[in-house]
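S.K.: I'd like to ask some things about the structure below.
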Amino acid sequence: MKLHRPWQWLLPCALALAACHGADDEDRAELSTNPQDILQLPADSPKVRRIREAEAIPEQRPLLEPLTGKITYDETRTVRVSSPIAGRVTAIPAQPGAVVRVGTPLLELDSPELGQAQAEYAKATADLKLAERDFERLKSLYDNGIAPHKEFHQAEDALERARSEAERSRLRLANLGVHEKRPDNHFTLKAPIAGVVTERNVNPGMEVRPDLPTPLFVISDLDRLWVLLDVFEKDLAVIHPGQDVKLTVPAYPDRWFPARIDYIGKVVDETTRTVKVRCLLPNPEGQLLPSMYASVEVESPPDDKAIVVPLTALFTEGESDWLFVSLGEGRYQKREVRVGLRLKKEAVLLEGVQPGERIVTDGALLLRSELDTAAGDGGKKP
């Protein structure tokens with residue numbers, strides 16, 4: 001009879017048990033590469049109240065630090081109105097903030113200059129009629145061989161000069177928007193576009209003339225505005241016309257307003273090394289006003305998302321960045337992450353955290369201190 005030694009049957013069992021333990025170790029490795037990086041805080045610990053957490057949710061990847069912009073008029077929808085003729089202001093129907101349409105009266109003038117233009121038109125019209133009668137008379141005589149050729153052509157030239165003068169005086173009144181041809185010195189300045197009277201620089205009794213340095217009125221359609229930015233030349237590669245941006249203003253700090261890049265300047269300012277960028281800003285509710293300052297964020301494409309964490313969540317050890325991930329029930333895991341763009345208040349994570357995990361946003365340094373203390377005590381939990 002052949003006898004079996006004890007170690008011959010013990011060896012397969014040992015190998016099987018080792019294989020089972022190896023599988024369990026691999027499962028645990030997926031949860032934590034280093035058990036010493038896990039900290040357990042008791043539920044009644046007062047330090048728990050100093051910990052703030054947030055879920056890691058992918059959002060549109062920021063491309064730049066927020067830019068400071070200034071809201072201005074959309075110059076394609078804005079006019080600065082001056083008087084085309086000299087005169088004294090007798091009435092100002094339009095007040096600041098008034099909504100006007102094309103042709104709405106803005107102010108009224110007593111203008112001797114207008115009266116003179118009307119008188120010139122009346123004289124030119126009378127001279128034209130006289131020239132027409134003289135021409136018809138001489139033409140009849142010329143056709144019948146009575147009037148000489150020279151007189152006929154002189155009458156023809158006089159008629160052309162009278163027509164030109166009458167047309168010139170008519171166009172002068174038409175350019176002023178005056179339809180009343182009788183001299184009355186009364187001129188009404190009207191709105192050339194529809195919009196809101198945002199500025200008024202005229203008072204009753206004031207003498208105005210066309211060469212005043214300041215416009216009498218500014219009228220703008222405030223349903224759309226511009227946002228002007230100064231972008232550093234090193235950041236030009238990440239922006240392009242048609243790109244979406246969003247902005248917020250101090251008046252509405254909890255609200256974002258959408259805008260779109262419309263134009264990128266072609267010259268770099270040699271002093272600031274920046275380029276002027278213009279954005280179109282819809283303003284259908286009229287909440288935004290010219291001269292407001294805004295904080296503008298340049299957005300990546302809608303499908304380019306990343307996990308963005310506040311800088312308070314990160315700490316540095318050696319040359320690496322770390323943060324804590326909450327495992328639930330007071331357990332926190334110290335985890336190394338790779339940071340991409342680092343902004344003033346937040347950072348974009350490239351690796352280390354998965355969507356849906358809970359990140360410690362405040363209290364990371366406290367947890368780090370507790371973890372170092374636990375490691376120094378031989379791994380004892382606090």
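Every chain in the structure tokens has a letter given in the order shown (A, B, ...), and although residue numbers restart at 1 in each chain, ligands are simply numbered from 1 in the order shown.
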Could you write out, as number ranges by chain, all the residues of range 196-370 of chain A that DSSP marks as helix (DSSP H, G or I)?
M.R.: A: 233-238, 311-313, 364-370
S.K.: Those residues you just picked out, can you put them in a file as a PDB file, in the first residue's frame with C-alpha atoms?
M.R.:
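Final file, selection33.pdb:
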```
ATOM      1  CA  GLU A 233      -2.062  87.894 -26.066  1.00  0.00           C
ATOM      2  CA  LYS A 234      -1.057  84.570 -24.475  1.00  0.00           C
ATOM      3  CA  ASP A 235      -4.753  83.675 -24.138  1.00  0.00           C
ATOM      4  CA  LEU A 236      -5.789  84.446 -27.719  1.00  0.00           C
ATOM      5  CA  ALA A 237      -5.467  80.799 -28.761  1.00  0.00           C
ATOM      6  CA  VAL A 238      -8.481  79.739 -26.677  1.00  0.00           C
ATOM      7  CA  LEU A 311      -8.634  75.509  -4.200  1.00  0.00           C
ATOM      8  CA  THR A 312      -9.592  74.990  -0.543  1.00  0.00           C
ATOM      9  CA  ALA A 313     -10.057  71.295  -1.384  1.00  0.00           C
ATOM     10  CA  ALA A 364      -8.845  69.189   4.014  1.00  0.00           C
ATOM     11  CA  LEU A 365      -5.929  70.517   6.077  1.00  0.00           C
ATOM     12  CA  LEU A 366      -7.696  69.450   9.283  1.00  0.00           C
ATOM     13  CA  LEU A 367      -8.102  65.910   7.936  1.00  0.00           C
ATOM     14  CA  ARG A 368      -4.487  65.869   6.795  1.00  0.00           C
ATOM     15  CA  SER A 369      -3.337  66.844  10.284  1.00  0.00           C
ATOM     16  CA  GLU A 370      -5.514  64.145  11.843  1.00  0.00           C
TER      17      GLU A 370
END
```
S.K.: Name the residues in contact with range 132-149 of chain A at a cut-off of 10 Å, using only C-alpha atoms, excluding same-chain residues fewer than 6 positions from it; report them as a ChimeraX atom specification.
M.R.: /A:126,155-160,162-163
S.K.: Against range 78-84 of chain A, which residues of range 133-204 of chain A fall within 8 Å? For each one I want the closest pair of atoms and the distance in Å (one decimal), counting only C-alpha atoms, rows by chain and increasing residue number, as CSV.
M.R.:
```
residue,atom,partner,partner_atom,distance
A:Leu176,CA,A:Pro84,CA,6.8
A:Leu189,CA,A:Ser83,CA,6.8
A:Ala191,CA,A:Val81,CA,7.9
A:Pro192,CA,A:Val79,CA,7.9
A:Ile193,CA,A:Val79,CA,7.6
```
S.K.: Using only C-alpha atoms, pick whichever of A:Glu55, A:Glu319, A:Glu151, A:Glu65 has the shortest atom-to-atom distance to Lys344 in chain A.
M.R.: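 Distance minimum relative to Lys344 in chain A lands on A:Glu65.
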S.K.: Mind dumping a table of every range 197-240 of chain A residue within 12 Å of range 289-292 of chain A, with the nearest atom pair and its distance in Å to one decimal, using only C-alpha atoms, sorted by chain and rising number, as CSV?
M.R.:
```
residue,atom,partner,partner_atom,distance
A:Thr198,CA,A:Pro290,CA,9.4
A:Glu199,CA,A:Pro290,CA,11.5
A:Ser220,CA,A:Pro290,CA,10.2
A:Asp221,CA,A:Pro290,CA,11.2
A:Leu222,CA,A:Leu289,CA,7.8
A:Asp223,CA,A:Leu289,CA,10.1
A:Arg224,CA,A:Leu289,CA,10.1
A:Leu225,CA,A:Pro290,CA,7.5
A:Trp226,CA,A:Pro290,CA,8.4
A:Val227,CA,A:Pro290,CA,9.1
A:Leu228,CA,A:Ser291,CA,10.3
```
S.K.: From the set A:Ser295, A:Pro301, A:Glu346, A:Gly330, which residue has the shortest atom-to-atom contact distance to Gly69 in chain A, counting only C-alpha atoms?
M.R.: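 Closest candidate: A:Ser295.
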S.K.: Which residue gives the smallest distance to Ala117 in chain A among A:Ser45, A:Ser169, A:Asn201, A:Ser300, with only C-alpha atoms counted?
M.R.: A:Ser169
S.K.: Find the spatial neighbours of Thr90 in chain A, counting only C-alpha atoms, within a cut-off of 8 Å - ignore same-chain residues fewer than 6 positions away - and output them as a list in words.
M.R.: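 Counting only C-alpha atoms, the residues come to Leu107, Glu108, Leu109, Asp110, Pro204 and Gly205 of chain A.
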S.K.: Output N, CA, C and O atoms for every residue in the selection just made, as an mmCIF file, in the first residue's frame.
M.R.:
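Written output follows (again_22.cif):
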```
data_model
loop_
_atom_site.group_PDB
_atom_site.id
_atom_site.type_symbol
_atom_site.label_atom_id
_atom_site.label_comp_id
_atom_site.auth_asym_id
_atom_site.auth_seq_id
_atom_site.Cartn_x
_atom_site.Cartn_y
_atom_site.Cartn_z
ATOM 1 N N LEU A 107 -36.757 118.238 -29.201
ATOM 2 C CA LEU A 107 -36.763 119.620 -28.711
ATOM 3 C C LEU A 107 -37.253 120.543 -29.827
ATOM 4 O O LEU A 107 -37.288 120.170 -30.995
ATOM 5 N N GLU A 108 -37.622 121.766 -29.424
ATOM 6 C CA GLU A 108 -38.101 122.766 -30.378
ATOM 7 C C GLU A 108 -37.222 124.008 -30.277
ATOM 8 O O GLU A 108 -36.815 124.403 -29.178
ATOM 9 N N LEU A 109 -36.942 124.604 -31.453
ATOM 10 C CA LEU A 109 -36.061 125.757 -31.518
ATOM 11 C C LEU A 109 -36.761 126.933 -32.189
ATOM 12 O O LEU A 109 -37.602 126.750 -33.083
ATOM 13 N N ASP A 110 -36.391 128.129 -31.754
ATOM 14 C CA ASP A 110 -36.699 129.353 -32.494
ATOM 15 C C ASP A 110 -35.433 129.688 -33.274
ATOM 16 O O ASP A 110 -34.427 130.101 -32.698
ATOM 17 N N PRO A 204 -33.843 124.437 -21.366
ATOM 18 C CA PRO A 204 -34.669 125.472 -21.993
ATOM 19 C C PRO A 204 -33.941 126.813 -22.068
ATOM 20 O O PRO A 204 -33.231 127.211 -21.133
ATOM 21 N N GLY A 205 -34.109 127.511 -23.195
ATOM 22 C CA GLY A 205 -33.476 128.813 -23.381
ATOM 23 C C GLY A 205 -32.050 128.747 -23.863
ATOM 24 O O GLY A 205 -31.438 129.780 -24.161
#
```
S.K.: In Å, with one decimal, what is the gap from CA of Val277 in chain A to CA of Leu229 in chain A?
M.R.: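 Interatomic distance, CA of Val277 in chain A to CA of Leu229 in chain A: 5.0 Å.
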S.K.: Interatomic distance between CA of Lys150 in chain A and CA of Thr125 in chain A?
M.R.: 25.2 Å
S.K.: When you count only C-alpha atoms, which of these residues is closest to Leu323 in chain A: A:Asp230, A:Asp362, A:Glu165, A:Asp303?
M.R.: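 Ranked by minimum distance to Leu323 in chain A, first place goes to A:Asp362.
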S.K.: Once DSSP has gone over the backbone, tell me which residues of range 77-218 of chain A are in strand (DSSP E), as number ranges by chain.
M.R.: A: 78-81, 87-91, 99-100, 105-110, 186-190, 195-200, 207-208, 217-218
S.K.: Pick out the residues sitting within 9 Å of range 257-265 of chain A, and hand them over as a ChimeraX atom specification; count only C-alpha atoms, and ignore anything fewer than 5 positions along from it in its own chain.
M.R.: /A:226-227,236,239-249,275-283
S.K.: Go ahead and write the selection's residues with C-alpha atoms as a tab-separated table (two decimals), in the first residue's frame.
M.R.:
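Output file result.tsv is given in full below:
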```
chain	number	residue	atom	x	y	z
A	226	TRP	CA	-21.65	95.41	-26.07
A	227	VAL	CA	-19.16	94.02	-23.57
A	236	LEU	CA	-5.79	84.45	-27.72
A	239	ILE	CA	-10.97	82.35	-27.92
A	240	HIS	CA	-12.59	82.89	-31.32
A	241	PRO	CA	-15.50	84.84	-32.82
A	242	GLY	CA	-18.86	83.18	-32.18
A	243	GLN	CA	-17.71	81.65	-28.89
A	244	ASP	CA	-20.15	81.76	-25.98
A	245	VAL	CA	-19.29	83.57	-22.76
A	246	LYS	CA	-21.23	84.32	-19.60
A	247	LEU	CA	-21.01	87.27	-17.26
A	248	THR	CA	-22.23	88.52	-13.94
A	249	VAL	CA	-22.45	92.06	-12.57
A	275	VAL	CA	-6.09	92.74	-27.37
A	276	LYS	CA	-9.54	94.35	-27.45
A	277	VAL	CA	-12.39	91.84	-27.67
A	278	ARG	CA	-16.04	92.77	-28.24
A	279	CYS	CA	-19.02	90.63	-27.20
A	280	LEU	CA	-22.70	90.97	-28.11
A	281	LEU	CA	-24.90	90.99	-25.01
A	282	PRO	CA	-28.68	90.45	-25.32
A	283	ASN	CA	-30.56	92.59	-22.81
```
S.K.: Under the rule that only C-alpha atoms are counted, which of A:Gly356, A:Pro250, A:Gly363, A:Gly328 is the nearest residue to Thr68 in chain A?
M.R.: A:Pro250
S.K.: Which residue gives the smallest distance to Val208 in chain A among A:His153, A:Arg50, A:Lys334, A:Arg88, with only C-alpha atoms counted?
M.R.: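 Of A:His153, A:Arg50, A:Lys334, A:Arg88, the one nearest Val208 in chain A, counting only C-alpha atoms, is A:Arg88.
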